[in-house]
There are 2 protein chains.
Amino acid sequence: MAIPGARPTMRDVAHHARVATKTVSRVVNDEPGVRPQMAERVRQSIAALGYRRNDSARVLRRGQTASIGLIMEDIGDPFYAAFSRAVEDVAARHDALLITGSSDEDPERERMLALAFCARRVDGLIVIPASRDHTYLRPEIAAGCPVVFADRPPHLIEADTVLTDNAGGARLGVSHLIACGHQRIGFVGDDARIYTAAQRHRGYLDALAAAGLPPPAAGSVAMAHPSQEGISRALRRMLTGPAPVTAVFCGNNRVAALVLREVRERALSIALVSFDDLELADLLAPPLTVVAQNTTELGRVAADMLFRRIGGHQGPPERVELPASLVVR
Amino acid sequence: MAIPGARPTMRDVAHHARVATKTVSRVVNDEPGVRPQMAERVRQSIAALGYRRNDSARVLRRGQTASIGLIMEDIGDPFYAAFSRAVEDVAARHDALLITGSSDEDPERERMLALAFCARRVDGLIVIPASRDHTYLRPEIAAGCPVVFADRPPHLIEADTVLTDNAGGARLGVSHLIACGHQRIGFVGDDARIYTAAQRHRGYLDALAAAGLPPPAAGSVAMAHPSQEGISRALRRMLTGPAPVTAVFCGNNRVAALVLREVRERALSIALVSFDDLELADLLAPPLTVVAQNTTELGRVAADMLFRRIGGHQGPPERVELPASLVVR
DNA sequence: CTGAAAGCGCTTACAG
DNA sequence: CTGAAAGCGCTTACAG
């Protein structure tokens, strides 16, 4: 039986045990209604041949693949890794496998991955969107593949969505800086086309307004795909001129790491608060106050919503928003 | 065609275009030998019905699933996340999907995941072992599912393996502390039953011996699953008595984070070097010198080895060891 | 260039 | 309790 690629099939077992394949199927799947004596005979043949059920055939016949797909920006990023782990745990509880793919913020890649997963007939999909147009998913959803969006809302279609309250979180962080006495506060965020970046920027503006502070001076807001060089320039701009900022709110973990490096290298003395927690943030000098998302909960809720749909739930699309919390350090 | 779960099949398309399914198959798969005019007719039917090939049926017939499985300790850990991303990139280049699972260092869970993946007939498996006995994989390998082990070697079977030079890396780190003038150096590592933990401990002892230093005093070595409490106790022990340590080598990133917290909280003045790099390690005061693994390369090599086997390579099992590098800060 | 038949390895729906 | 037949949706191996 050790011929590469030559696995015994249910038919082989049936021959060996001199029964019908259906009987083997019953034994393999622990279905009732097989005499113990016959079941034993089948079990011996299974052992003798080293038989293992081919789930990929089973899946074809049954129509459900017991697998879900997860598309995110980059599984290598700690935020998405934690999210992914939470999804995996829920999937495992439903005996489903998890197929993952990284879009690298490329809409076309997101689409290719999503369609490839659907072609494999995953039972459902969780998408952290990179695309600005999800109409390509409409036929898939109509054909019975539910989709849940996480971290960012879908575009041009309606579907279950779970988000962090990004604006609210940013308000918390910026209000904290204001409470500490800062009046001129800069904002360094990611590309403004990214939903979370835009929402956090909005929260920043709201906090200033709520405190009766003037809107940020020109140059006090920088939003772009984070790079050391870009952030260096942005900080330089914020710290020069007649009204330099005394504090900066960082829009996410990657921005924060770069800002921290810049602050250290140029020995800048500005206060910082960041959206997203960072490993070791509590050990920095001074420790970094952050607005933390509940990443695990985000993943858990997204997966729960998906499995509810897979289980047949038919209600209208839902939108859940989870709070972010201020971690003062 | 918007009836949930009712996707059109190749047969539906064939009826609609009044051709044989084989002709539809040719068009769908861009096989040559279809008159342009007929191909066009088929394409129109495909569009009209919203047909999408069911890859799960294709896979059954062809025997290859174009998917691989990856089993690691925890996809939520940044080390494994980076590893996973590197594997995904290689898989994508081979048009293969990646199925991931976390074993949580539980041998039984590793086994369940591996067998579940094999039941789905993944084309190959990458395993970061938790188990001490991999004989359960022998039938799967014999049946044509190649397995590559990464980060830690397999137990009781031979198979392709890619490792970091853990002992060599630890020697580098400990030698650096010695070069800085330290003579009494402690070691705080993970559970000694984990291969990487044991190897790093060995490298630590080798470095002491190579420098002509005496073997560590009783209590200067602590190896256990990392917990704040356990590490607190271990450090207390190392720092009391007649010959307290002046430096500590941390066995991995999780240990390092806990040791750093303890050092900060109790304002201990000891030198630290850690195996594994940490985000922000350069921004600590003082910055943390580390022995860095090339995690991405580890994942890339593992995946390359696997796809070579999937491609038919038949040579004897290979073992690759990648160097670790000292990052002085 | 086109297609009818068989089969991948299971499960479903029946019949006995 | 047991099994023969049909079928999941494709591709393979032929025949014309």
# chains A, B, ... in the order shown; residues from 1 in each chain; ligands from 1
$ select_by_dssp --residues "region 198-328 of chain A" --states "strand (DSSP E or B)" --output "MDAnalysis selection string"
chainID A and resid 221:223 247:250 271:275 289:292 319:322 325:327
$ write_last_selection --atoms "C-alpha atoms" --output "mmCIF file, in the first residue's frame"
data_model
loop_
_atom_site.group_PDB
_atom_site.id
_atom_site.type_symbol
_atom_site.label_atom_id
_atom_site.label_comp_id
_atom_site.auth_asym_id
_atom_site.auth_seq_id
_atom_site.Cartn_x
_atom_site.Cartn_y
_atom_site.Cartn_z
ATOM 1 C CA VAL A 221 -1.974 66.749 9.522
ATOM 2 C CA ALA A 222 -0.097 64.171 7.444
ATOM 3 C CA MET A 223 -1.807 61.211 5.808
ATOM 4 C CA ALA A 247 1.883 66.485 20.763
ATOM 5 C CA VAL A 248 1.169 64.036 17.944
ATOM 6 C CA PHE A 249 -1.555 61.429 17.593
ATOM 7 C CA CYS A 250 -0.383 58.437 15.507
ATOM 8 C CA ALA A 271 3.968 63.883 23.585
ATOM 9 C CA LEU A 272 2.631 60.853 21.701
ATOM 10 C CA VAL A 273 -0.495 58.764 21.753
ATOM 11 C CA SER A 274 -1.107 56.036 19.206
ATOM 12 C CA PHE A 275 -4.038 54.131 17.804
ATOM 13 C CA THR A 289 -0.235 55.627 25.853
ATOM 14 C CA VAL A 290 -2.389 53.950 23.220
ATOM 15 C CA VAL A 291 -5.914 53.438 21.992
ATOM 16 C CA ALA A 292 -6.237 49.667 21.876
ATOM 17 C CA ARG A 319 -23.253 46.201 11.286
ATOM 18 C CA VAL A 320 -21.460 45.823 14.603
ATOM 19 C CA GLU A 321 -19.119 48.428 16.002
ATOM 20 C CA LEU A 322 -16.779 47.475 18.838
ATOM 21 C CA SER A 325 -10.217 51.668 24.807
ATOM 22 C CA LEU A 326 -7.663 54.134 26.088
ATOM 23 C CA VAL A 327 -4.654 52.540 27.774
#
$ closest_atom_pairs --of "chain C" --to "chain B" --cutoff "12 Å" --atoms "only C-alpha atoms (C1' of nucleotides)" --output "tab-separated table"
residue	atom	partner	partner_atom	distance
C:DC1	C1'	B:Gly33	CA	5.9
C:DT2	C1'	B:Thr23	CA	7.1
C:DG3	C1'	B:Ala20	CA	5.7
C:DA4	C1'	B:Ala20	CA	8.5
C:DA5	C1'	B:Lys22	CA	11.4
C:DG7	C1'	B:Arg61	CA	8.2
C:DC8	C1'	B:Arg61	CA	4.2
C:DG9	C1'	B:Leu60	CA	7.9
C:DC10	C1'	B:Leu60	CA	10.1
$ select_by_dssp --residues "region 162-312 of chain B" --states "helix (DSSP H, G or I)" --output "ChimeraX atom specification"
/B:166-179,195-210,228-239,253-265,281-283,295-310
$ closest_residue --among "A:Arg237, A:Arg171, A:Arg138, A:Arg132" --to "chain B" --atoms "only C-alpha atoms"
A:Arg138
$ residues_around --residues "region 78-81 of chain A" --least-positions-apart "3" --cutoff "7 Å" --atoms "only C-alpha atoms (C1' of nucleotides)" --output "PyMOL selection string"
(chain A and resi 72+74-75+84-85+295) or (chain B and resi 75-76+78+81)
